[in-house]
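Peer 1: Dropping in structure31.cif, which is mmCIF, C-alpha atoms:
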```cif
data_query
#
loop_
_atom_site.label_atom_id
_atom_site.label_comp_id
_atom_site.auth_asym_id
_atom_site.auth_seq_id
_atom_site.Cartn_x
_atom_site.Cartn_y
_atom_site.Cartn_z
CA MET Q 235 -4.01 97.92 34.86
CA ARG Q 236 -3.86 101.62 35.73
CA VAL Q 237 -5.60 104.10 33.47
CA ALA Q 238 -3.67 107.31 33.01
CA VAL Q 239 -5.73 110.46 33.45
CA CYS Q 240 -4.37 114.00 33.41
CA LEU Q 241 -5.65 115.70 36.52
CA PRO Q 242 -4.93 119.00 38.24
CA GLY Q 243 -2.99 119.00 41.48
CA PRO Q 244 -4.92 118.47 44.71
CA GLY Q 245 -4.38 122.08 45.74
CA SER Q 246 -5.24 123.60 42.35
CA ALA Q 247 -7.65 126.50 41.93
CA TRP Q 248 -9.64 124.32 39.51
CA LEU Q 249 -10.24 121.63 42.10
CA ARG Q 250 -11.15 124.16 44.78
CA LEU Q 251 -13.67 125.69 42.35
CA PHE Q 252 -15.12 122.26 41.57
CA ARG Q 253 -15.63 121.49 45.26
CA SER Q 254 -17.26 124.87 45.85
CA LEU Q 255 -19.60 124.43 42.88
CA ALA Q 256 -20.50 120.87 43.90
CA TRP Q 257 -21.38 121.95 47.43
CA GLY Q 258 -23.24 124.98 46.10
CA ALA Q 259 -25.41 122.85 43.84
CA LEU Q 260 -26.20 120.53 46.71
CA LEU Q 261 -27.13 123.39 49.00
CA LEU Q 262 -29.52 124.76 46.38
CA SER Q 263 -31.25 121.40 46.01
CA ALA Q 264 -31.08 120.28 49.64
CA GLY Q 265 -34.20 120.33 51.70
CA ALA Q 266 -36.72 119.87 48.88
CA ALA Q 267 -37.71 116.39 50.06
CA ALA Q 268 -37.70 117.51 53.69
CA ALA Q 269 -39.93 120.48 52.86
CA GLU Q 270 -42.47 118.08 51.37
CA ASN Q 271 -42.16 115.81 54.43
CA VAL Q 272 -41.17 112.89 52.21
CA ALA Q 273 -39.13 109.98 53.53
CA ARG Q 274 -35.61 110.22 52.12
CA LEU Q 275 -33.21 107.46 51.08
CA ALA Q 276 -29.49 107.96 50.38
CA VAL Q 277 -27.58 105.20 48.58
CA ILE Q 278 -23.78 104.86 48.61
CA VAL Q 279 -21.87 102.28 46.58
CA ASP Q 280 -18.56 101.32 48.19
CA ASP Q 281 -15.39 99.62 46.92
CA LEU Q 282 -15.04 101.36 43.56
CA GLY Q 283 -11.66 101.31 41.84
CA PHE Q 284 -11.06 97.64 41.01
CA ARG Q 285 -13.53 96.47 38.35
CA GLN Q 286 -13.92 98.91 35.50
CA ALA Q 287 -17.05 97.46 33.87
CA GLU Q 288 -18.99 97.20 37.14
CA ASP Q 289 -17.78 100.59 38.37
CA LEU Q 290 -18.84 102.32 35.15
CA ALA Q 291 -22.22 100.62 35.43
CA ILE Q 292 -22.60 102.16 38.89
CA LEU Q 293 -21.76 105.57 37.39
CA GLU Q 294 -24.67 105.08 34.97
CA LEU Q 295 -27.12 105.07 37.89
CA ASP Q 296 -28.97 108.16 39.07
CA ARG Q 297 -26.43 110.85 40.00
CA ARG Q 298 -27.88 111.13 43.47
CA VAL Q 299 -26.23 107.77 44.20
CA SER Q 300 -22.91 108.49 45.90
CA VAL Q 301 -19.73 106.46 45.38
CA ALA Q 302 -16.88 105.58 47.74
CA ILE Q 303 -13.51 104.85 46.13
CA ILE Q 304 -10.67 102.93 47.79
CA PRO Q 305 -7.61 105.20 47.41
CA ASN Q 306 -5.04 102.50 46.65
CA ALA Q 307 -7.26 100.81 44.02
CA PRO Q 308 -5.68 100.64 40.55
CA LEU Q 309 -8.54 102.61 38.98
CA ALA Q 310 -9.04 105.06 41.85
CA ARG Q 311 -7.91 108.17 39.98
CA TYR Q 312 -9.82 107.23 36.83
CA MET Q 313 -13.08 106.56 38.67
CA ALA Q 314 -12.68 109.71 40.75
CA ALA Q 315 -12.29 111.73 37.53
CA GLU Q 316 -15.41 110.13 36.03
CA ALA Q 317 -17.45 110.80 39.18
CA ARG Q 318 -16.15 114.37 39.31
CA ARG Q 319 -17.17 114.92 35.69
CA GLN Q 320 -20.71 113.91 36.66
CA GLN Q 321 -20.62 116.12 39.77
CA ARG Q 322 -21.47 112.97 41.73
CA ILE Q 323 -20.84 112.95 45.48
CA THR Q 324 -17.65 110.96 46.08
CA LEU Q 325 -16.07 109.67 49.27
CA VAL Q 326 -12.67 108.31 50.19
CA HIS Q 327 -13.35 104.72 51.23
CA LEU Q 328 -10.58 104.39 53.80
CA PRO Q 329 -9.40 100.85 54.66
CA LEU Q 330 -9.02 100.33 58.41
CA ALA Q 331 -8.10 97.39 60.60
CA GLN Q 332 -10.82 94.83 61.15
CA GLY Q 333 -11.26 92.47 64.10
CA PRO Q 334 -10.30 90.24 65.70
CA THR Q 335 -6.86 89.98 64.05
CA GLY Q 336 -6.51 93.62 63.05
CA GLU Q 337 -5.80 92.71 59.44
CA CYS Q 338 -6.55 95.10 56.58
CA ASP Q 339 -6.85 94.19 52.92
CA ALA Q 340 -4.96 97.27 51.65
CA PRO Q 341 -1.18 97.54 51.25
CA VAL Q 342 -1.01 100.30 53.86
CA CYS Q 343 -3.69 101.07 56.43
CA PRO Q 344 -3.62 103.63 59.21
CA ARG Q 345 -2.19 101.95 62.27
CA ARG Q 346 -4.01 102.41 65.55
CA GLU Q 347 -0.88 103.77 67.24
CA TRP Q 348 -0.23 106.46 64.62
CA SER Q 349 -0.12 110.08 65.76
CA ALA Q 350 -2.60 112.65 64.49
CA GLU Q 351 0.10 114.10 62.23
CA ARG Q 352 0.85 110.68 60.74
CA MET Q 353 -2.89 110.23 60.16
CA ARG Q 354 -2.97 113.64 58.44
CA GLN Q 355 -0.22 112.58 56.06
CA HIS Q 356 -2.07 109.41 55.12
CA LEU Q 357 -5.38 111.24 54.66
CA ALA Q 358 -3.71 113.85 52.45
CA TRP Q 359 -2.41 111.01 50.27
CA ALA Q 360 -5.83 109.30 50.21
CA PHE Q 361 -7.74 112.45 49.23
CA GLY Q 362 -5.06 113.11 46.60
CA GLU Q 363 -5.79 109.72 45.03
CA VAL Q 364 -9.56 110.36 45.07
CA GLU Q 365 -9.54 113.97 43.87
CA GLY Q 366 -12.81 115.77 44.33
CA ALA Q 367 -13.91 113.62 47.28
CA VAL Q 368 -16.02 115.62 49.74
CA GLY Q 369 -16.42 112.92 52.37
CA LEU Q 370 -14.88 109.85 53.96
CA ASN Q 371 -16.19 106.50 55.14
CA ASN Q 372 -14.48 103.41 56.51
CA HIS Q 373 -13.79 100.21 54.60
CA GLN Q 374 -13.89 97.40 57.18
CA GLY Q 375 -12.45 98.90 60.39
CA SER Q 376 -14.42 97.01 63.03
CA LEU Q 377 -11.31 96.87 65.26
CA PHE Q 378 -10.07 100.38 64.52
CA THR Q 379 -13.33 102.30 64.89
CA ALA Q 380 -14.08 100.58 68.22
CA ASP Q 381 -10.74 101.85 69.57
CA LEU Q 382 -11.49 105.20 71.21
CA ALA Q 383 -7.91 106.52 71.24
CA ALA Q 384 -7.13 105.44 67.66
CA THR Q 385 -10.37 106.86 66.29
CA ARG Q 386 -9.77 110.13 68.11
CA ARG Q 387 -6.32 110.45 66.51
CA LEU Q 388 -7.80 109.68 63.09
CA ILE Q 389 -10.36 112.47 63.57
CA GLU Q 390 -7.64 114.83 64.79
CA GLY Q 391 -5.62 113.99 61.68
CA LEU Q 392 -8.65 114.77 59.53
CA LYS Q 393 -9.04 118.06 61.37
CA LEU Q 394 -5.42 118.95 60.57
CA PHE Q 395 -5.98 117.97 56.93
CA SER Q 396 -9.18 120.05 56.81
CA HIS Q 397 -7.24 123.20 57.66
CA GLU Q 398 -5.77 122.99 54.14
CA GLN Q 399 -9.14 122.51 52.38
CA PRO Q 400 -11.83 124.98 51.22
CA SER Q 401 -14.40 123.06 53.29
CA PRO Q 402 -14.10 120.15 55.72
CA PRO Q 403 -15.12 116.70 54.48
CA PHE Q 404 -18.09 114.95 56.04
CA ILE Q 405 -17.79 111.52 57.66
CA LEU Q 406 -20.03 108.52 57.08
CA ASP Q 407 -19.66 105.77 59.67
CA SER Q 408 -20.12 102.49 57.77
CA ARG Q 409 -20.84 100.85 61.14
CA THR Q 410 -19.05 97.60 60.50
CA SER Q 411 -19.13 97.20 64.29
CA PRO Q 412 -21.86 98.18 66.79
CA GLN Q 413 -19.00 99.47 68.96
CA SER Q 414 -17.86 102.01 66.35
CA ARG Q 415 -17.03 105.46 67.76
CA LEU Q 416 -16.38 107.11 64.39
CA ALA Q 417 -19.56 109.18 63.96
CA GLU Q 418 -19.69 110.10 67.64
CA LEU Q 419 -16.14 111.47 67.78
CA ALA Q 420 -16.40 113.10 64.35
CA GLY Q 421 -19.58 114.96 65.31
CA GLY Q 422 -18.02 116.03 68.59
CA SER Q 423 -15.05 117.43 66.68
CA GLY Q 424 -17.08 119.64 64.38
CA PHE Q 425 -17.67 117.41 61.34
CA ARG Q 426 -20.98 116.72 59.65
CA THR Q 427 -21.70 113.02 60.02
CA ALA Q 428 -24.02 110.15 59.13
CA ARG Q 429 -24.38 106.49 60.06
CA ARG Q 430 -25.17 103.60 57.74
CA ASP Q 431 -28.56 101.99 58.37
CA ILE Q 432 -28.67 99.01 56.00
CA PHE Q 433 -26.15 96.94 54.04
CA LEU Q 434 -28.02 96.00 50.88
CA ASP Q 435 -26.01 93.10 49.50
CA HIS Q 436 -24.40 91.17 52.33
CA ASP Q 437 -26.42 88.33 50.82
CA ARG Q 438 -26.72 88.89 47.06
CA SER Q 439 -29.74 86.70 46.45
CA PRO Q 440 -32.73 88.66 45.08
CA GLU Q 441 -34.84 87.65 48.07
CA ALA Q 442 -32.26 88.87 50.59
CA MET Q 443 -31.72 92.17 48.79
CA ASN Q 444 -35.46 92.72 48.63
CA ARG Q 445 -35.70 92.19 52.38
CA ALA Q 446 -32.82 94.60 53.03
CA TRP Q 447 -34.32 97.21 50.67
CA ASN Q 448 -37.74 96.97 52.30
CA ALA Q 449 -36.08 97.32 55.72
CA ALA Q 450 -34.38 100.52 54.48
CA LEU Q 451 -37.68 101.91 53.22
CA ALA Q 452 -39.25 101.16 56.60
CA VAL Q 453 -36.46 103.02 58.39
CA ALA Q 454 -36.83 105.98 56.03
CA ARG Q 455 -40.57 106.19 56.68
CA ARG Q 456 -40.17 105.81 60.43
CA GLU Q 457 -37.14 108.07 60.97
CA GLY Q 458 -37.53 110.42 58.03
CA SER Q 459 -34.37 109.18 56.28
CA ALA Q 460 -32.22 106.09 55.83
CA ILE Q 461 -28.76 105.35 54.43
CA VAL Q 462 -28.04 102.23 52.39
CA ILE Q 463 -24.56 100.97 51.52
CA ALA Q 464 -24.16 98.67 48.51
CA HIS Q 465 -21.27 97.31 46.45
CA PRO Q 466 -20.53 97.03 42.71
CA HIS Q 467 -21.60 93.39 42.31
CA PRO Q 468 -23.41 92.42 39.11
CA GLU Q 469 -26.43 91.29 41.13
CA THR Q 470 -26.51 94.61 42.99
CA ILE Q 471 -26.34 96.60 39.77
CA VAL Q 472 -29.33 94.70 38.37
CA PHE Q 473 -31.24 95.29 41.61
CA LEU Q 474 -30.52 99.02 41.78
CA ARG Q 475 -31.36 99.57 38.12
CA ARG Q 476 -34.79 98.15 38.82
CA SER Q 477 -35.44 99.48 42.31
CA LEU Q 478 -34.22 103.09 42.21
CA PRO Q 479 -36.82 104.29 39.66
CA GLU Q 480 -39.57 102.66 41.76
CA LEU Q 481 -38.81 104.64 44.93
CA ALA Q 482 -41.26 107.45 44.20
CA ALA Q 483 -44.09 104.93 43.91
CA HIS Q 484 -43.25 103.83 47.46
CA GLY Q 485 -43.44 107.39 48.76
CA VAL Q 486 -39.65 107.64 49.26
CA ALA Q 487 -37.34 110.22 47.67
CA LEU Q 488 -33.84 109.34 46.53
CA VAL Q 489 -31.49 112.06 47.80
CA ALA Q 490 -27.78 112.79 47.71
CA LEU Q 491 -25.95 111.81 50.87
CA PRO Q 492 -25.27 115.38 52.12
CA GLU Q 493 -29.03 115.91 52.45
CA VAL Q 494 -29.21 113.44 55.35
CA LEU Q 495 -26.08 114.47 57.23
CA GLN Q 496 -26.27 115.46 60.88
CA GLU Q 497 -24.83 118.77 61.94
CA PRO Q 498 -21.88 118.70 64.38
CA ALA Q 499 -22.67 118.08 68.03
CA GLN Q 500 -22.94 121.25 70.08
CA GLN Q 501 -19.97 120.55 72.31
CA PRO Q 502 -16.30 121.59 72.40
CA ALA Q 503 -14.18 120.05 69.66
CA ARG Q 504 -11.70 117.42 70.79
CA TYR Q 505 -9.00 118.79 68.52
CA GLY Q 506 -5.42 118.61 69.80
CA TYR Q 507 -5.63 115.60 72.12
CA PRO Q 508 -3.09 114.09 72.06
CA ALA Q 509 -0.63 116.55 70.51
CA ALA Q 510 -0.62 116.31 66.74
CA GLY Q 511 3.12 115.77 66.49
CA VAL Q 512 3.48 112.91 68.97
CA ALA Q 513 5.77 110.28 67.47
CA TYR Q 514 4.04 107.18 66.16
CA ARG Q 515 5.37 103.71 66.97
CA SER Q 516 5.22 102.25 63.51
CA SER Q 517 7.80 100.94 61.09
CA MET Q 518 5.53 101.84 58.16
CA ALA Q 519 7.13 104.69 56.30
CA PRO Q 520 5.79 107.22 53.95
CA PRO Q 521 2.03 107.63 53.55
CA GLY Q 522 0.24 105.54 50.99
CA PRO Q 523 1.35 102.34 49.26
#
```
Turn this file's structure into structure tokens for me.
Peer 2:
Amino acid sequence: MRVAVCLPGPGSAWLRLFRSLAWGALLLSAGAAAAENVARLAVIVDDLGFRQAEDLAILELDRRVSVAIIPNAPLARYMAAEARRQQRITLVHLPLAQGPTGECDAPVCPRREWSAERMRQHLAWAFGEVEGAVGLNNHQGSLFTADLAATRRLIEGLKLFSHEQPSPPFILDSRTSPQSRLAELAGGSGFRTARRDIFLDHDRSPEAMNRAWNAALAVARREGSAIVIAHPHPETIVFLRRSLPELAAHGVALVALPEVLQEPAQQPARYGYPAAGVAYRSSMAPPGP
């Protein structure tokens, strides 16, 4: 079922104003936890767009919890509109090829051999489906993000797409593979980046989620911040409802994801290699499903 929502076009003045206001509000609030030298925890819930009841329950959580929406999901536009109404940080959750077979559970995924321009087209479609998104992270992608050349072309495509936007999106590396090059290449190309520290609900038993949560708190105390990725499972929703309000008692501050981003690496951007218009060797035609 697809829920019809009347939305402005992706290039509309309204949407540009929304993005500017969202970033402005974040900049005004950013740094408060850091100034108090408090350990910071950012929580992102992936895979929104498929289960309305669970997704809406996630949107009832503290607004500092970010959401990542799969662009081809049947409820992607609806959930993006709801998150935008809340001024909640939203990411495009981009499906990418996983190893070892290279399969992807979306109708159309970026192919590793695509040119930067072909990547740009796909990203423009994806951000159009998740209007208001200010960042991107990978769904699966253990094969893709470990491929240096493919990841570089994806970043170059995002750079081309960013030329059309009021501000460039940030990139969260979900780190589905220890060999991922996504954050490294994104930072070297001028994007603000972050890396996931803990998956909360790989095992959804209460004991396992408690262990993962405590590990995240330990990272936050040791490193100053930590990033947790969760999913809209009923067990996860119950856990987050209970655990998020208790963070302050543990000496940890819940923060919006942009507050723990790393600034771009101080090195020349790798934009333009290879040439953006190089033909791609793929039979997949137009962007998106």
Peer 1: Could you name the residues that touch region 382-389 of chain Q at 7 Å or less, counting all atoms listed in the file, but leaving out those on the same chain fewer than 6 positions away, as a PDB file with C-alpha atoms, in the coordinates of the input?
Peer 2:
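For reference, part29.pdb as written:
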```
ATOM      1  CA  ARG Q 346      -4.010 102.410  65.550  1.00  0.00           C
ATOM      2  CA  GLU Q 347      -0.880 103.770  67.240  1.00  0.00           C
ATOM      3  CA  SER Q 349      -0.120 110.080  65.760  1.00  0.00           C
ATOM      4  CA  ALA Q 350      -2.600 112.650  64.490  1.00  0.00           C
ATOM      5  CA  MET Q 353      -2.890 110.230  60.160  1.00  0.00           C
ATOM      6  CA  ARG Q 415     -17.030 105.460  67.760  1.00  0.00           C
ATOM      7  CA  LEU Q 416     -16.380 107.110  64.390  1.00  0.00           C
ATOM      8  CA  LEU Q 419     -16.140 111.470  67.780  1.00  0.00           C
ATOM      9  CA  ALA Q 420     -16.400 113.100  64.350  1.00  0.00           C
TER      10      ALA Q 420
END
```
Peer 1: Given the file shown, enumerate the residues that the PyMOL selection byres ((chain Q and resi 455) around 9) captures and present them as a PyMOL selection string.
Peer 2: chain Q and resi 272-274+450-454+456-460+485-486
Peer 1: Could the residues in this selection be written to a file with C-alpha atoms, as a PDB file, in the frame of the given file?
Peer 2:
```pdb
ATOM      1  CA  VAL Q 272     -41.170 112.890  52.210  1.00  0.00           C
ATOM      2  CA  ALA Q 273     -39.130 109.980  53.530  1.00  0.00           C
ATOM      3  CA  ARG Q 274     -35.610 110.220  52.120  1.00  0.00           C
ATOM      4  CA  ALA Q 450     -34.380 100.520  54.480  1.00  0.00           C
ATOM      5  CA  LEU Q 451     -37.680 101.910  53.220  1.00  0.00           C
ATOM      6  CA  ALA Q 452     -39.250 101.160  56.600  1.00  0.00           C
ATOM      7  CA  VAL Q 453     -36.460 103.020  58.390  1.00  0.00           C
ATOM      8  CA  ALA Q 454     -36.830 105.980  56.030  1.00  0.00           C
ATOM      9  CA  ARG Q 456     -40.170 105.810  60.430  1.00  0.00           C
ATOM     10  CA  GLU Q 457     -37.140 108.070  60.970  1.00  0.00           C
ATOM     11  CA  GLY Q 458     -37.530 110.420  58.030  1.00  0.00           C
ATOM     12  CA  SER Q 459     -34.370 109.180  56.280  1.00  0.00           C
ATOM     13  CA  ALA Q 460     -32.220 106.090  55.830  1.00  0.00           C
ATOM     14  CA  GLY Q 485     -43.440 107.390  48.760  1.00  0.00           C
ATOM     15  CA  VAL Q 486     -39.650 107.640  49.260  1.00  0.00           C
TER      16      VAL Q 486
END
```
Peer 1: One number please: CA of Phe378 (chain Q) to CA of Asp281 (chain Q), in Å, one decimal.
Peer 2: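 About the pair CA of Phe378 (chain Q) and CA of Asp281 (chain Q): they are 18.4 Å apart.
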Peer 1: On this structure, which residues satisfy the PyMOL selection byres ((chain Q and resi 447) around 12), written as a ChimeraX atom specification?
Peer 2: /Q:275-277,431-438,440-446,448-454,460-464,470,473-474,476-478,480-481,484,486
Peer 1: Take CA of Asp280 (chain Q) and CA of His327 (chain Q) and report the distance between them in Å, one decimal.
Peer 2: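 Separating CA of Asp280 (chain Q) from CA of His327 (chain Q) is a distance of 6.9 Å.
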